[in-house]
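What follows is a set of notes on a single structure, which appears directly below.
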Number of protein chains: 2
Amino acid sequence: MKYPTGIKQHTKKTIHYGNRGMSLEEDINITNVYYREEDIAVIYKKPTPITITKVDFPNRKEAVIKEAYFKTPSTTDYNGIYRGKYIDFEAKETKQERFPLNNIHNHQIVHMKQIIHHGGIGFFIIRFTQKQETFLLKGETLFTFIEQETRKSIPYDYIKENGYLITEKINPRIDYLSWVDTIYFEGGKS
Amino acid sequence: MKYPTGIKQHTKKTIHYGNRGMSLEEDINITNVYYREEDIAVIYKKPTPITITKVDFPNRKEAVIKEAYFKTPSTTDYNGIYRGKYIDFEAKETKQERFPLNNIHNHQIVHMKQIIHHGGIGFFIIRFTQKQETFLLKGETLFTFIEQETRKSIPYDYIKENGYLITEKINPRIDYLSWVDTIYFEGGKS
């Protein structure tokens with residue numbers, strides 16, 4: 001079996017049984033490396049958007065950023081291509097029993113609505129760290145919740161019922177694309 | 001006619017007749033704003049990838065990056081969705097009479113090959129600043145050149161012959177998607 005070098009190096013450094021201690025972002029990143037190395041999909045996390053205000057050039061070849069600020073992202077964090085389709089998602093984890101909606105910026109909601117409107121696939125990956133459960137929630141499902149409810153957070157039970165539990169494995173760590181197959185290519189919850 | 005606010009503000013600040021003085025990146029950014037505001041496509045430039053090595057927290061709400069370095073990008077700069085298809089491109093300008101291939105990192109070539117392999121649309125936007133001419137060059141065309149030639153730059157004439165000249169307009173500034181229509185949706189050079 002082909003074993004992607006990127007993942008090997010990563011798991012060597014950070015063996016955590018039952019996945020405790022690894023962030024959702026790290027899990028998704030090594031999953032995306034797996035997808036790329038196995039030629040399944042090309043999906044990346046976008047770099048963190050910053051505003052650079054001061055750069056030093058200690059020598060001709062090197063530039064050092066000396067002052068910069070984090071910007072509010074105008075899009076979601078992850079995008080790419082899978083089975084010819086444009087994929088777009090945001091990933092968030094919470095320690096609470098509910099998912100607080102202020103975790104997601106309004107820009108990101110608007111962005112994902114545009115993506116879906118143009119024929120792309122848009123969803124959220126939400127992890128409840130206490131329960132160690134990670135769900136895929138369709139963009140459309142989250143929009144419906146926001147339109148119908150005034151609550152500022154989504155209850156765990158709502159996500160459990162309307163989302164898709166991603167079983168964690170060794171490799172790929174969190175195989176969210178197998179749910180994408182079921183939901184978007186086979187047309188429903190199995 | 002609907003006039004997107006983002007563009008209005010931008011053109012107000014930077015009126016340059018014949019487009020001199022505006023970088024290709026600025027032209028593409030305002031073009032992408034136009035595409036989004038007119039609901040034509042959702043395409044963004046990715047943030048510049050950096051490695052953050054030092055962050056200060058002067059107060060609880062604000063973080064200031066005090067040391068960071070530019071990273072070599074592993075993907076192309078622009079991606080998004082248009083007519084349901086995944087779009088991916090890199091934009092470069094040169095003052096020379098030829099396009100130097102060291103402007104494009106090997107990572108970016110590998111990335112674009114993967115994108116095309118997975119059913120996406122991948123191309124380069126190349127501007128010759130002396131001539132004030134901007135071309136769309138298909139990813140496949142650039143790959144063919146690299147495979148067949150040992151030269152370290154692509155001659156202007158080659159790009160003129162095998163690429164697509166983008167006529168600059170007021171709005172959208174450089175309407176590269178009209179060539180995408182012709183090449184990828186209607187199947188050829190008109």
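Letters for chains follow the order of the structure tokens (A, B, ...), residue numbers begin at 1 for each chain, and ligand numbers begin at 1 in the order shown.
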
Counting only C-alpha atoms, chain A residues within 9 Å of chain B, as an NGL selection string: :A and (36 or 39-42 or 44 or 46-50 or 52 or 62-70 or 75 or 79-87 or 111 or 114-115 or 117-120)

Any chance you could export the current selection's N, CA, C and O atoms as a compact mmCIF listing (two decimals), in the first residue's frame?
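And here is the file that came out, part36.txt:
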```txt
# COMPACT_ATOMS: atom_id res chain seq x y z
N ARG A 36 -5.02 14.15 -1.49
CA ARG A 36 -4.17 14.58 -2.60
C ARG A 36 -3.19 13.49 -3.00
O ARG A 36 -3.03 13.20 -4.18
N ASP A 39 -4.73 10.82 -4.87
CA ASP A 39 -5.34 11.32 -6.11
C ASP A 39 -6.88 11.25 -6.07
O ASP A 39 -7.53 10.97 -7.06
N ILE A 40 -7.42 11.52 -4.89
CA ILE A 40 -8.87 11.46 -4.69
C ILE A 40 -9.49 12.84 -4.88
O ILE A 40 -10.54 12.99 -5.52
N ALA A 41 -8.85 13.86 -4.34
CA ALA A 41 -9.37 15.23 -4.41
C ALA A 41 -8.23 16.21 -4.20
O ALA A 41 -7.18 15.83 -3.67
N VAL A 42 -8.43 17.45 -4.62
CA VAL A 42 -7.43 18.51 -4.38
C VAL A 42 -8.11 19.59 -3.55
O VAL A 42 -8.84 20.44 -4.08
N TYR A 44 -7.53 22.31 -0.19
CA TYR A 44 -6.56 22.98 0.68
C TYR A 44 -7.26 23.91 1.66
O TYR A 44 -8.33 24.45 1.36
N LYS A 46 -7.13 27.56 3.05
CA LYS A 46 -6.56 28.83 2.60
C LYS A 46 -5.67 29.41 3.70
O LYS A 46 -5.92 29.20 4.88
N PRO A 47 -4.64 30.15 3.31
CA PRO A 47 -3.82 30.81 4.32
C PRO A 47 -4.67 31.78 5.16
O PRO A 47 -5.69 32.28 4.70
N THR A 48 -4.24 32.04 6.38
CA THR A 48 -4.92 33.00 7.25
C THR A 48 -4.79 34.40 6.65
O THR A 48 -3.69 34.84 6.35
N PRO A 49 -5.91 35.10 6.46
CA PRO A 49 -5.80 36.45 5.89
C PRO A 49 -5.25 37.46 6.89
O PRO A 49 -5.74 37.54 8.02
N ILE A 50 -4.23 38.18 6.49
CA ILE A 50 -3.65 39.21 7.36
C ILE A 50 -3.43 40.50 6.57
O ILE A 50 -3.37 40.49 5.35
N ILE A 52 -0.60 43.26 6.24
CA ILE A 52 0.80 43.51 6.58
C ILE A 52 1.03 45.02 6.62
O ILE A 52 0.71 45.73 5.67
N GLU A 62 15.81 38.18 1.63
CA GLU A 62 14.87 37.81 2.67
C GLU A 62 14.02 39.00 3.10
O GLU A 62 14.52 40.10 3.25
N ALA A 63 12.75 38.75 3.29
CA ALA A 63 11.87 39.77 3.83
C ALA A 63 11.29 39.25 5.14
O ALA A 63 10.89 38.09 5.23
N VAL A 64 11.26 40.08 6.16
CA VAL A 64 10.68 39.71 7.45
C VAL A 64 9.51 40.65 7.74
O VAL A 64 9.67 41.87 7.72
N ILE A 65 8.36 40.05 7.98
CA ILE A 65 7.18 40.84 8.35
C ILE A 65 7.33 41.23 9.83
O ILE A 65 7.48 40.36 10.68
N LYS A 66 7.31 42.52 10.09
CA LYS A 66 7.55 43.00 11.46
C LYS A 66 6.27 43.46 12.14
O LYS A 66 6.23 43.63 13.35
N GLU A 67 5.24 43.72 11.36
CA GLU A 67 3.96 44.10 11.94
C GLU A 67 2.84 43.71 10.99
O GLU A 67 2.88 44.07 9.81
N ALA A 68 1.87 42.97 11.52
CA ALA A 68 0.72 42.55 10.71
C ALA A 68 -0.44 42.25 11.65
O ALA A 68 -0.24 42.01 12.84
N TYR A 69 -1.64 42.28 11.09
CA TYR A 69 -2.85 42.06 11.89
C TYR A 69 -3.72 41.00 11.23
O TYR A 69 -3.77 40.91 10.00
N PHE A 70 -4.42 40.25 12.03
CA PHE A 70 -5.36 39.26 11.50
C PHE A 70 -6.60 39.97 10.97
O PHE A 70 -7.09 40.92 11.59
N THR A 75 -14.24 34.63 3.21
CA THR A 75 -14.71 33.36 2.65
C THR A 75 -14.56 32.27 3.71
O THR A 75 -14.17 32.56 4.84
N ASN A 79 -11.27 25.06 0.40
CA ASN A 79 -11.95 24.81 -0.87
C ASN A 79 -11.09 23.97 -1.80
O ASN A 79 -9.90 23.75 -1.53
N GLY A 80 -11.74 23.46 -2.86
CA GLY A 80 -11.00 22.63 -3.79
C GLY A 80 -11.93 21.91 -4.73
O GLY A 80 -13.09 22.33 -4.92
N ILE A 81 -11.43 20.83 -5.31
CA ILE A 81 -12.20 20.10 -6.31
C ILE A 81 -12.25 18.61 -5.98
O ILE A 81 -11.27 18.03 -5.52
N TYR A 82 -13.43 18.03 -6.18
CA TYR A 82 -13.63 16.59 -5.96
C TYR A 82 -14.64 16.07 -6.98
O TYR A 82 -15.73 16.65 -7.11
N ARG A 83 -14.27 15.04 -7.70
CA ARG A 83 -15.12 14.44 -8.73
C ARG A 83 -15.69 15.52 -9.68
O ARG A 83 -16.87 15.49 -10.03
N GLY A 84 -14.83 16.46 -10.03
CA GLY A 84 -15.21 17.51 -10.97
C GLY A 84 -16.05 18.63 -10.37
O GLY A 84 -16.38 19.58 -11.08
N LYS A 85 -16.38 18.53 -9.08
CA LYS A 85 -17.23 19.54 -8.46
C LYS A 85 -16.42 20.45 -7.54
O LYS A 85 -15.47 20.03 -6.87
N TYR A 86 -16.85 21.70 -7.49
CA TYR A 86 -16.25 22.66 -6.57
C TYR A 86 -16.77 22.39 -5.15
O TYR A 86 -17.99 22.31 -4.92
N ILE A 87 -15.82 22.27 -4.22
CA ILE A 87 -16.11 21.95 -2.81
C ILE A 87 -15.71 23.13 -1.94
O ILE A 87 -14.62 23.69 -2.14
N HIS A 111 -21.02 33.98 1.60
CA HIS A 111 -20.12 33.32 0.64
C HIS A 111 -20.64 31.92 0.29
O HIS A 111 -20.74 31.56 -0.88
N GLN A 114 -23.61 31.88 -1.98
CA GLN A 114 -23.21 32.16 -3.37
C GLN A 114 -22.65 30.91 -4.04
O GLN A 114 -22.96 30.60 -5.19
N ILE A 115 -21.81 30.19 -3.30
CA ILE A 115 -21.19 28.98 -3.84
C ILE A 115 -22.26 27.97 -4.25
O ILE A 115 -22.22 27.41 -5.35
N HIS A 117 -25.42 28.53 -4.82
CA HIS A 117 -26.18 29.13 -5.92
C HIS A 117 -25.49 28.91 -7.28
O HIS A 117 -26.15 28.72 -8.30
N HIS A 118 -24.15 28.92 -7.29
CA HIS A 118 -23.41 28.72 -8.55
C HIS A 118 -23.11 27.24 -8.84
O HIS A 118 -22.34 26.95 -9.75
N GLY A 119 -23.70 26.34 -8.06
CA GLY A 119 -23.57 24.92 -8.38
C GLY A 119 -22.48 24.20 -7.62
O GLY A 119 -22.15 23.06 -7.95
N GLY A 120 -21.91 24.85 -6.62
CA GLY A 120 -20.88 24.19 -5.81
C GLY A 120 -21.47 23.43 -4.64
O GLY A 120 -22.68 23.52 -4.36
```

Alpha helix (DSSP H) residues, from DSSP on the backbone, in chain A, as number ranges by chain: A: 5-13, 24-37, 106-117, 139-148, 156-162, 176-180

DSSP strand (DSSP E or B) selection over chain B, as a VMD selection string: chain B and resid 41 to 45 50 to 56 64 to 70 78 to 82 85 to 94 98 to 100 121 to 128 133 to 138 153 to 155 164 to 165 168 174

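What separates atom CA of B:Phe124 from atom CA of B:Phe143 is a distance of 11.1 Å.
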